[in-house]
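**Student:** Have a look at the structure that comes next, please.
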Amino acid sequence: MSFGALLARRPLVGRDAELAALRTLHTPGGPLVAVVHGVAGTGKSALLRAFAAEHDHVTVVDGRAVEPTPEGFLAAAGETPPQLLIIDTFERLRLLDDWLRHTYFPSLPETTRIVIATRDKPGAVWRASFGEYLHVIGLGPLAPADAHAVLEQHGLDPQQAAEVNRFVRGHPLSLQLAASARREHPDAVIPTVTQELAHLYLDGLDAPTRAALDQACVLRRVTRSLLPDGYERLEPLPFVELTPEGLVIHDTVREAVSALLRATDPVRHRAVRAHAWRQIRSELPDGGWASVADMIALVEEPLVREAFFPTSIQHYAVETARPSDRDAILAIVARHQPGATTALMADWWDAVPDAFRVARSPRGTVVAFTILCDLRDVPQGLFMRDPLCQAWREHLRAYPVPKGQRVLAARLALAHGTGSAPSPCFSALLRDVERASLQAGQVRRIYSAQGGDAIDVQLEAIGYLAIDGDATVCDLGPESVPGWLSELAARDLPLARTTLNADARELTLEGRTVALTKLECDVLRYLQEREGQVVERQALLRDVWGYEWSGGANAADVAISGLRRKLGERAKALETVRGVGFRLNHL
């Protein structure tokens, strides 16, 4: 039975005061929003389940299973406004912070009440938004009597419960682990740290279960396709919860297992990640947001993980600029880049004011801003006047983007106090760029400006490269965000890369070597050089077969058909575009 099922069946112990605080949502003049916060393992989800059980019309949104876009949240919340909206694991939805506070929550009926569970106490922007209508409830350790009751529920006698709680001191997850460990190791000394408790419990697992747990420690969630041989073994563990997405291992335990495996056997840790990468990669893009989030969990680059799943408290609200923000934005530009740049930014404001995004302090002051829009939305006159846009144009001419794939422009980002140097409010703007790339759909490329050594080094790690004219570009690839994340996650993994050896006429595909004819090799190389672009049949015949070719257009189709047979499972990467030609996506 899963951890979540166990909690659901047992009565909630020791949270009477917190339940009473939540019930004030239904009192006249009471709060509209309650935020329950506490460190991992304090029982936030259990408290929310107990409160939800007292109501008939409840909508529950689990942040772990929701794409952090307005569309993703609305799909999870449903079309009918709920009387009680519960959002669990809210820390996974921080990219939606601004939209929820300013758009979605105000759109709900005045009878709706909202309960949120998150790790951190809400930042000042929440207090500024809701004032007296916000109720903050912190969860701490259980009182001794309540902790003893929990331990006795799990099979310990009163003497054992008292002894265990002397070390555990009421932390709910530690109580669960300590009870399980004590049953397996009656004479063991119970340590005081949850991670150490996890190690003690893990020492009692049989080898196949422990191996399955090691494999699962690198995953965001466990499904039968991701871990077919270990799914059944993991489900009964006391720190594993069954969710609509699959099995979820409690973060504290998962992080402890991953850290232990990385420290004791780094080679196996990379091999486990590589195995997970291959399976997740095979499920993209059909797996939707769930598979994208799985891939993010494999990315080692902190800037990427922080961008999509921020761990820090949101002190700055990032939102579309208001008309009244113009002077504050231009003052920031004049402070750091006076003269021509300030005049140019005034032109940008006059032409595309909706492209300006601001980071606002709890008092409402604009402390930083960025310009972010689809490149097609920049008026031609402005585009021609801006030197940076000209650098982007030259790059686009040299490396055109296929039809149907979008290009974003991140023209400038500045903070009042620090300019383009790293800072908390500047980081909030960087996260907003990642939000936009995820929300915009098929984004192929993001153009920006060089921001100084410190920022450029950070951005280079996630794929931003310098081009002429003090500009930078991040090409996400033909598969947009999912493909870009896959490449980042694969950087340090022992994966057999796809390579074409034109001299040997061999294609290495995930460790498998495929022999090609000279014609097949020439066709594949021609298409790889134009990956993601539609290549016209006549252009292929002209450039590969030669100007004198007169054998008929179906020669290209015959060669493509032969290549598809040799590509095997990756044959779908080689598309026929009806009436035009062919396109090769990432192999």
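All residue names refer to the structure tokens as shown: chains lettered A, B, ... in order, residues numbered from 1 in each chain, ligands numbered from 1 in order.
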Identify, on the basis of only C-alpha atoms, every residue whose closest approach to Ala276 in chain A does not exceed 9 Å; exclude the query and any residue fewer than 2 positions from it along the same chain; express the result as a list of chain:residue names.
**Tutor:** A:Gln215, A:Ala216, A:Val218, A:Leu219, A:Leu226, A:Leu227, A:Ala271, A:Val272, A:Arg273, A:Ala274, A:Arg278, A:Gln279, A:Ile280, A:Arg281, A:Met295, A:Leu298
**Student:** Go ahead and write the residues just picked, N, CA and C atoms, as a PDB file, in the first residue's frame.
**Tutor:**
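To be explicit, this is the file written out as part_11.pdb:
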ATOM      1  N   GLN A 215      17.505   3.179  -9.108  1.00  0.00           N
ATOM      2  CA  GLN A 215      17.098   3.630 -10.444  1.00  0.00           C
ATOM      3  C   GLN A 215      16.043   4.731 -10.364  1.00  0.00           C
ATOM      4  N   ALA A 216      15.136   4.603  -9.393  1.00  0.00           N
ATOM      5  CA  ALA A 216      14.050   5.578  -9.272  1.00  0.00           C
ATOM      6  C   ALA A 216      14.515   6.904  -8.698  1.00  0.00           C
ATOM      7  N   VAL A 218      16.680   8.947  -9.573  1.00  0.00           N
ATOM      8  CA  VAL A 218      16.984  10.004 -10.541  1.00  0.00           C
ATOM      9  C   VAL A 218      15.734  10.467 -11.274  1.00  0.00           C
ATOM     10  N   LEU A 219      14.598   9.854 -10.997  1.00  0.00           N
ATOM     11  CA  LEU A 219      13.364  10.151 -11.708  1.00  0.00           C
ATOM     12  C   LEU A 219      12.480  11.089 -10.904  1.00  0.00           C
ATOM     13  N   LEU A 226       8.925   3.530 -17.321  1.00  0.00           N
ATOM     14  CA  LEU A 226      10.235   4.009 -16.890  1.00  0.00           C
ATOM     15  C   LEU A 226      10.976   2.985 -16.048  1.00  0.00           C
ATOM     16  N   LEU A 227      10.251   2.175 -15.302  1.00  0.00           N
ATOM     17  CA  LEU A 227      10.877   1.191 -14.420  1.00  0.00           C
ATOM     18  C   LEU A 227      10.017  -0.070 -14.372  1.00  0.00           C
ATOM     19  N   ALA A 271      25.091   5.804 -15.178  1.00  0.00           N
ATOM     20  CA  ALA A 271      24.449   4.769 -15.993  1.00  0.00           C
ATOM     21  C   ALA A 271      22.940   4.735 -15.748  1.00  0.00           C
ATOM     22  N   VAL A 272      22.523   4.916 -14.488  1.00  0.00           N
ATOM     23  CA  VAL A 272      21.101   4.940 -14.148  1.00  0.00           C
ATOM     24  C   VAL A 272      20.427   6.132 -14.818  1.00  0.00           C
ATOM     25  N   ARG A 273      21.098   7.283 -14.790  1.00  0.00           N
ATOM     26  CA  ARG A 273      20.540   8.470 -15.446  1.00  0.00           C
ATOM     27  C   ARG A 273      20.455   8.266 -16.949  1.00  0.00           C
ATOM     28  N   ALA A 274      21.471   7.625 -17.525  1.00  0.00           N
ATOM     29  CA  ALA A 274      21.453   7.386 -18.977  1.00  0.00           C
ATOM     30  C   ALA A 274      20.298   6.465 -19.362  1.00  0.00           C
ATOM     31  N   ARG A 278      17.174   7.559 -21.934  1.00  0.00           N
ATOM     32  CA  ARG A 278      16.759   6.870 -23.161  1.00  0.00           C
ATOM     33  C   ARG A 278      15.258   6.629 -23.180  1.00  0.00           C
ATOM     34  N   GLN A 279      14.711   6.211 -22.040  1.00  0.00           N
ATOM     35  CA  GLN A 279      13.279   5.925 -22.012  1.00  0.00           C
ATOM     36  C   GLN A 279      12.454   7.208 -22.107  1.00  0.00           C
ATOM     37  N   ILE A 280      12.853   8.234 -21.367  1.00  0.00           N
ATOM     38  CA  ILE A 280      12.109   9.498 -21.414  1.00  0.00           C
ATOM     39  C   ILE A 280      12.201  10.108 -22.807  1.00  0.00           C
ATOM     40  N   ARG A 281      13.399  10.015 -23.405  1.00  0.00           N
ATOM     41  CA  ARG A 281      13.587  10.568 -24.752  1.00  0.00           C
ATOM     42  C   ARG A 281      12.672   9.877 -25.761  1.00  0.00           C
ATOM     43  N   MET A 295      12.258  15.005 -17.998  1.00  0.00           N
ATOM     44  CA  MET A 295      13.568  15.345 -18.573  1.00  0.00           C
ATOM     45  C   MET A 295      14.222  16.473 -17.792  1.00  0.00           C
ATOM     46  N   LEU A 298      16.311  15.386 -14.987  1.00  0.00           N
ATOM     47  CA  LEU A 298      17.610  14.793 -15.311  1.00  0.00           C
ATOM     48  C   LEU A 298      18.672  15.840 -15.640  1.00  0.00           C
TER      49      LEU A 298
END
**Student:** Could you give me the residues within range 272-338 of chain A that DSSP places in helix (DSSP H, G or I), as JSON, numbers by chain?
**Tutor:** {"A": [272, 273, 274, 275, 276, 277, 278, 279, 280, 281, 282, 283, 288, 289, 290, 291, 292, 293, 294, 295, 296, 297, 298, 302, 303, 304, 305, 306, 307, 308, 323, 324, 325, 326, 327, 328, 329, 330, 331, 332, 333, 334, 335, 336]}
**Student:** Got time to write the residues from that selection, N, CA and C atoms, as a compact mmCIF listing (two decimals), in the first residue's frame?
**Tutor:**
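Below is the file that was written, result.txt:
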# COMPACT_ATOMS: atom_id res chain seq x y z
N VAL A 272 22.52 4.92 -14.49
CA VAL A 272 21.10 4.94 -14.15
C VAL A 272 20.43 6.13 -14.82
N ARG A 273 21.10 7.28 -14.79
CA ARG A 273 20.54 8.47 -15.45
C ARG A 273 20.46 8.27 -16.95
N ALA A 274 21.47 7.63 -17.52
CA ALA A 274 21.45 7.39 -18.98
C ALA A 274 20.30 6.46 -19.36
N HIS A 275 20.05 5.44 -18.55
CA HIS A 275 18.94 4.53 -18.82
C HIS A 275 17.61 5.29 -18.76
N ALA A 276 17.47 6.15 -17.76
CA ALA A 276 16.24 6.94 -17.65
C ALA A 276 16.11 7.89 -18.84
N TRP A 277 17.23 8.50 -19.26
CA TRP A 277 17.19 9.44 -20.38
C TRP A 277 16.69 8.76 -21.65
N ARG A 278 17.17 7.56 -21.93
CA ARG A 278 16.76 6.87 -23.16
C ARG A 278 15.26 6.63 -23.18
N GLN A 279 14.71 6.21 -22.04
CA GLN A 279 13.28 5.93 -22.01
C GLN A 279 12.45 7.21 -22.11
N ILE A 280 12.85 8.23 -21.37
CA ILE A 280 12.11 9.50 -21.41
C ILE A 280 12.20 10.11 -22.81
N ARG A 281 13.40 10.01 -23.41
CA ARG A 281 13.59 10.57 -24.75
C ARG A 281 12.67 9.88 -25.76
N SER A 282 12.48 8.57 -25.59
CA SER A 282 11.62 7.83 -26.51
C SER A 282 10.16 8.22 -26.36
N GLU A 283 9.79 8.78 -25.20
CA GLU A 283 8.40 9.16 -24.96
C GLU A 283 8.11 10.61 -25.33
N GLY A 288 3.85 14.58 -23.58
CA GLY A 288 3.33 15.85 -23.09
C GLY A 288 4.19 16.41 -21.97
N TRP A 289 3.54 17.25 -21.14
CA TRP A 289 4.27 17.93 -20.07
C TRP A 289 4.91 16.94 -19.10
N ALA A 290 4.26 15.83 -18.82
CA ALA A 290 4.82 14.87 -17.86
C ALA A 290 6.21 14.43 -18.28
N SER A 291 6.40 14.11 -19.56
CA SER A 291 7.72 13.68 -20.03
C SER A 291 8.71 14.84 -20.06
N VAL A 292 8.25 16.04 -20.38
CA VAL A 292 9.13 17.21 -20.34
C VAL A 292 9.63 17.44 -18.92
N ALA A 293 8.73 17.36 -17.94
CA ALA A 293 9.12 17.54 -16.54
C ALA A 293 10.07 16.43 -16.10
N ASP A 294 9.85 15.20 -16.59
CA ASP A 294 10.78 14.10 -16.29
C ASP A 294 12.18 14.43 -16.80
N MET A 295 12.26 15.00 -18.00
CA MET A 295 13.57 15.34 -18.57
C MET A 295 14.22 16.47 -17.79
N ILE A 296 13.44 17.46 -17.34
CA ILE A 296 14.01 18.55 -16.54
C ILE A 296 14.67 17.99 -15.29
N ALA A 297 14.07 16.95 -14.69
CA ALA A 297 14.63 16.35 -13.49
C ALA A 297 16.00 15.73 -13.73
N LEU A 298 16.31 15.39 -14.99
CA LEU A 298 17.61 14.79 -15.31
C LEU A 298 18.67 15.84 -15.64
N PRO A 302 21.96 23.80 -12.79
CA PRO A 302 21.04 24.40 -11.80
C PRO A 302 20.18 25.52 -12.38
N LEU A 303 20.74 26.31 -13.32
CA LEU A 303 19.98 27.44 -13.86
C LEU A 303 18.72 26.98 -14.57
N VAL A 304 18.79 25.81 -15.22
CA VAL A 304 17.62 25.29 -15.93
C VAL A 304 16.58 24.79 -14.93
N ARG A 305 17.01 24.00 -13.97
CA ARG A 305 16.05 23.45 -13.00
C ARG A 305 15.43 24.57 -12.19
N GLU A 306 16.22 25.58 -11.86
CA GLU A 306 15.70 26.71 -11.09
C GLU A 306 14.72 27.54 -11.93
N ALA A 307 14.96 27.56 -13.25
CA ALA A 307 14.09 28.34 -14.12
C ALA A 307 12.69 27.75 -14.17
N PHE A 308 12.61 26.42 -14.31
CA PHE A 308 11.30 25.79 -14.44
C PHE A 308 10.68 25.46 -13.09
N PRO A 323 0.90 51.07 -18.29
CA PRO A 323 1.25 52.34 -18.93
C PRO A 323 2.00 53.30 -18.01
N SER A 324 1.68 53.24 -16.72
CA SER A 324 2.33 54.15 -15.76
C SER A 324 3.77 53.78 -15.45
N ASP A 325 4.25 52.63 -15.95
CA ASP A 325 5.61 52.18 -15.65
C ASP A 325 6.66 52.76 -16.60
N ARG A 326 6.21 53.49 -17.63
CA ARG A 326 7.15 53.95 -18.66
C ARG A 326 8.31 54.74 -18.07
N ASP A 327 8.04 55.73 -17.24
CA ASP A 327 9.10 56.59 -16.72
C ASP A 327 10.07 55.80 -15.86
N ALA A 328 9.56 54.87 -15.06
CA ALA A 328 10.45 54.07 -14.20
C ALA A 328 11.37 53.19 -15.03
N ILE A 329 10.84 52.63 -16.12
CA ILE A 329 11.65 51.77 -17.00
C ILE A 329 12.74 52.59 -17.68
N LEU A 330 12.38 53.75 -18.23
CA LEU A 330 13.38 54.58 -18.91
C LEU A 330 14.40 55.13 -17.93
N ALA A 331 14.00 55.34 -16.69
CA ALA A 331 14.97 55.80 -15.68
C ALA A 331 16.02 54.72 -15.39
N ILE A 332 15.59 53.44 -15.40
CA ILE A 332 16.55 52.34 -15.21
C ILE A 332 17.53 52.29 -16.37
N VAL A 333 17.02 52.48 -17.59
CA VAL A 333 17.91 52.48 -18.77
C VAL A 333 18.88 53.64 -18.69
N ALA A 334 18.39 54.82 -18.36
CA ALA A 334 19.26 56.00 -18.28
C ALA A 334 20.32 55.84 -17.20
N ARG A 335 20.01 55.11 -16.17
CA ARG A 335 20.97 54.91 -15.07
C ARG A 335 22.15 54.05 -15.52
N HIS A 336 21.89 53.06 -16.39
CA HIS A 336 22.94 52.11 -16.75
C HIS A 336 23.41 52.23 -18.20
**Student:** Between A:Val115, A:Ile446, A:Leu476, A:Val164, single out the one closest to Thr59 in chain A, counting only C-alpha atoms.
**Tutor:**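 Using only C-alpha atoms, the shortest distance to Thr59 in chain A belongs to A:Val115.
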**Student:** Could you give me, as a PyMOL selection string, the residues within 8 Å of range 375-384 of chain A, counting only C-alpha atoms and dropping anything in the same chain fewer than 2 positions from it?
**Tutor:** chain A and resi 347-348+351-352+373+386-387+389-390+407-409
**Student:** Can you tell me which residues surround Val257 in chain A at a distance of at most 10 Å, considering only C-alpha atoms, apart from same-chain residues fewer than 3 positions away, and format the answer as a list in words?
**Tutor:**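 Near neighbours after the sequence-gap exclusion: Gln195, Ala198, His199, Leu202, Arg210, Leu213, Asp214, Gln215, Ala216, Cys217, Val218, Asp251, Thr252, Val253, Arg254, Leu260, Leu261, Arg262 and Ala263 of chain A.
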**Student:** Based on the selection just made, write N, CA and C atoms of those residues as a PDB file, in the first residue's frame.
**Tutor:**
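Below is the file that was written, selection17.pdb:
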ATOM      1  N   GLN A 195      17.573  12.063   6.548  1.00  0.00           N
ATOM      2  CA  GLN A 195      18.390  11.345   5.582  1.00  0.00           C
ATOM      3  C   GLN A 195      19.039  10.116   6.196  1.00  0.00           C
ATOM      4  N   ALA A 198      16.542   7.476   6.557  1.00  0.00           N
ATOM      5  CA  ALA A 198      16.317   6.828   5.268  1.00  0.00           C
ATOM      6  C   ALA A 198      17.387   5.785   4.997  1.00  0.00           C
ATOM      7  N   HIS A 199      18.648   6.107   5.288  1.00  0.00           N
ATOM      8  CA  HIS A 199      19.729   5.143   5.073  1.00  0.00           C
ATOM      9  C   HIS A 199      19.523   3.904   5.943  1.00  0.00           C
ATOM     10  N   LEU A 202      16.824   1.887   4.410  1.00  0.00           N
ATOM     11  CA  LEU A 202      17.250   1.302   3.140  1.00  0.00           C
ATOM     12  C   LEU A 202      18.168   0.104   3.339  1.00  0.00           C
ATOM     13  N   ARG A 210      16.277  -2.542  -3.503  1.00  0.00           N
ATOM     14  CA  ARG A 210      17.234  -1.442  -3.370  1.00  0.00           C
ATOM     15  C   ARG A 210      17.739  -0.996  -4.746  1.00  0.00           C
ATOM     16  N   LEU A 213      15.128   1.115  -6.286  1.00  0.00           N
ATOM     17  CA  LEU A 213      15.079   2.430  -5.662  1.00  0.00           C
ATOM     18  C   LEU A 213      16.222   3.310  -6.158  1.00  0.00           C
ATOM     19  N   ASP A 214      17.388   2.712  -6.348  1.00  0.00           N
ATOM     20  CA  ASP A 214      18.506   3.479  -6.916  1.00  0.00           C
ATOM     21  C   ASP A 214      18.147   4.013  -8.300  1.00  0.00           C
ATOM     22  N   GLN A 215      17.505   3.179  -9.108  1.00  0.00           N
ATOM     23  CA  GLN A 215      17.098   3.630 -10.444  1.00  0.00           C
ATOM     24  C   GLN A 215      16.043   4.731 -10.364  1.00  0.00           C
ATOM     25  N   ALA A 216      15.136   4.603  -9.393  1.00  0.00           N
ATOM     26  CA  ALA A 216      14.050   5.578  -9.272  1.00  0.00           C
ATOM     27  C   ALA A 216      14.515   6.904  -8.698  1.00  0.00           C
ATOM     28  N   CYS A 217      15.677   6.914  -8.020  1.00  0.00           N
ATOM     29  CA  CYS A 217      16.101   8.136  -7.333  1.00  0.00           C
ATOM     30  C   CYS A 217      16.424   9.262  -8.302  1.00  0.00           C
ATOM     31  N   VAL A 218      16.680   8.947  -9.573  1.00  0.00           N
ATOM     32  CA  VAL A 218      16.984  10.004 -10.541  1.00  0.00           C
ATOM     33  C   VAL A 218      15.734  10.467 -11.274  1.00  0.00           C
ATOM     34  N   ASP A 251      10.495  13.534  -1.615  1.00  0.00           N
ATOM     35  CA  ASP A 251      11.694  14.259  -2.027  1.00  0.00           C
ATOM     36  C   ASP A 251      12.878  14.017  -1.100  1.00  0.00           C
ATOM     37  N   THR A 252      12.621  14.032   0.210  1.00  0.00           N
ATOM     38  CA  THR A 252      13.721  13.886   1.167  1.00  0.00           C
ATOM     39  C   THR A 252      14.431  12.554   0.989  1.00  0.00           C
ATOM     40  N   VAL A 253      13.658  11.486   0.833  1.00  0.00           N
ATOM     41  CA  VAL A 253      14.247  10.162   0.653  1.00  0.00           C
ATOM     42  C   VAL A 253      14.924  10.058  -0.713  1.00  0.00           C
ATOM     43  N   ARG A 254      14.250  10.550  -1.758  1.00  0.00           N
ATOM     44  CA  ARG A 254      14.823  10.471  -3.104  1.00  0.00           C
ATOM     45  C   ARG A 254      16.157  11.193  -3.169  1.00  0.00           C
ATOM     46  N   LEU A 260      23.607   9.466  -2.026  1.00  0.00           N
ATOM     47  CA  LEU A 260      24.395   8.311  -1.594  1.00  0.00           C
ATOM     48  C   LEU A 260      24.927   7.538  -2.795  1.00  0.00           C
ATOM     49  N   LEU A 261      24.082   7.323  -3.810  1.00  0.00           N
ATOM     50  CA  LEU A 261      24.516   6.595  -4.994  1.00  0.00           C
ATOM     51  C   LEU A 261      25.592   7.380  -5.745  1.00  0.00           C
ATOM     52  N   ARG A 262      25.417   8.694  -5.862  1.00  0.00           N
ATOM     53  CA  ARG A 262      26.400   9.521  -6.564  1.00  0.00           C
ATOM     54  C   ARG A 262      27.754   9.481  -5.861  1.00  0.00           C
ATOM     55  N   ALA A 263      27.723   9.507  -4.523  1.00  0.00           N
ATOM     56  CA  ALA A 263      28.971   9.540  -3.755  1.00  0.00           C
ATOM     57  C   ALA A 263      29.684   8.198  -3.744  1.00  0.00           C
TER      58      ALA A 263
END
**Student:** Find the residue from A:Ile137, A:Leu540, A:Ala391, A:Leu22 that sits nearest to Gly469 in chain A; use only C-alpha atoms when measuring.
**Tutor:**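 Checking each of A:Ile137, A:Leu540, A:Ala391, A:Leu22 against Gly469 in chain A, counting only C-alpha atoms, the winner is A:Ala391.
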**Student:** Near Gly419 in chain A, counting only C-alpha atoms, which residues have an atom at most 10 Å away, once you skip same-chain residues fewer than 3 positions from it, shown as an MDAnalysis selection string?
**Tutor:** chainID A and resid 332:333 335:337 368 413:416 422:423 426 451:452
**Student:** Next, dump the selected residues to file, keeping only C-alpha atoms, as a PDB file, in the first residue's frame.
**Tutor:**
ATOM      1  CA  ILE A 332      16.545  52.339 -15.207  1.00  0.00           C
ATOM      2  CA  VAL A 333      17.907  52.476 -18.770  1.00  0.00           C
ATOM      3  CA  ARG A 335      20.972  54.908 -15.071  1.00  0.00           C
ATOM      4  CA  HIS A 336      22.936  52.105 -16.753  1.00  0.00           C
ATOM      5  CA  GLN A 337      22.936  52.797 -20.522  1.00  0.00           C
ATOM      6  CA  ALA A 368      13.853  45.549 -13.086  1.00  0.00           C
ATOM      7  CA  ALA A 413      17.062  43.186 -19.301  1.00  0.00           C
ATOM      8  CA  LEU A 414      18.185  45.600 -16.590  1.00  0.00           C
ATOM      9  CA  ALA A 415      17.740  45.902 -12.835  1.00  0.00           C
ATOM     10  CA  HIS A 416      17.712  49.288 -11.115  1.00  0.00           C
ATOM     11  CA  PRO A 422      23.232  38.677 -11.461  1.00  0.00           C
ATOM     12  CA  SER A 423      20.727  39.562  -8.750  1.00  0.00           C
ATOM     13  CA  PHE A 426      17.329  39.719 -12.512  1.00  0.00           C
ATOM     14  CA  GLY A 451      24.787  40.961 -20.849  1.00  0.00           C
ATOM     15  CA  GLY A 452      28.309  41.059 -19.428  1.00  0.00           C
TER      16      GLY A 452
END
**Student:** With a cut-off of 8 Å, could you pull out the residues of range 244-323 of chain A touching range 92-114 of chain A and give me the nearest pair of atoms for each, distance in Å to one decimal, using only C-alpha atoms, ordered by chain and ascending number, as a tab-separated table?
**Tutor:**
residue	atom	partner	partner_atom	distance
A:Phe308	CA	A:Leu95	CA	6.8
A:Phe309	CA	A:Arg92	CA	5.3
A:Pro310	CA	A:Arg94	CA	6.3
A:Gln314	CA	A:Arg94	CA	7.7
A:Ala317	CA	A:Asp98	CA	6.0
A:Val318	CA	A:Asp98	CA	6.2
A:Glu319	CA	A:Asp98	CA	6.4
**Student:** Restrict the selected residues to N, CA and C atoms and save them as an mmCIF file, in the first residue's frame.
**Tutor:**
data_model
loop_
_atom_site.group_PDB
_atom_site.id
_atom_site.type_symbol
_atom_site.label_atom_id
_atom_site.label_comp_id
_atom_site.auth_asym_id
_atom_site.auth_seq_id
_atom_site.Cartn_x
_atom_site.Cartn_y
_atom_site.Cartn_z
ATOM 1 N N PHE A 308 12.610 26.425 -14.309
ATOM 2 C CA PHE A 308 11.298 25.792 -14.444
ATOM 3 C C PHE A 308 10.675 25.461 -13.088
ATOM 4 N N PHE A 309 11.504 25.102 -12.106
ATOM 5 C CA PHE A 309 10.993 24.746 -10.780
ATOM 6 C C PHE A 309 11.742 25.551 -9.723
ATOM 7 N N PRO A 310 11.448 26.845 -9.597
ATOM 8 C CA PRO A 310 12.194 27.692 -8.666
ATOM 9 C C PRO A 310 12.064 27.192 -7.226
ATOM 10 N N GLN A 314 9.453 33.734 -3.836
ATOM 11 C CA GLN A 314 9.214 34.776 -4.824
ATOM 12 C C GLN A 314 9.033 36.106 -4.118
ATOM 13 N N ALA A 317 7.250 40.264 -7.984
ATOM 14 C CA ALA A 317 6.183 39.888 -8.912
ATOM 15 C C ALA A 317 6.594 40.298 -10.312
ATOM 16 N N VAL A 318 6.600 39.342 -11.246
ATOM 17 C CA VAL A 318 6.938 39.639 -12.639
ATOM 18 C C VAL A 318 5.642 39.671 -13.438
ATOM 19 N N GLU A 319 5.401 40.778 -14.112
ATOM 20 C CA GLU A 319 4.142 40.953 -14.811
ATOM 21 C C GLU A 319 4.341 41.881 -16.009
#
**Student:** Record the distance separating CA of Ala359 in chain A and CA of Cys425 in chain A, expressed in Å with one decimal.
**Tutor:**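 Going from CA of Ala359 in chain A over to CA of Cys425 in chain A, I get 6.4 Å.
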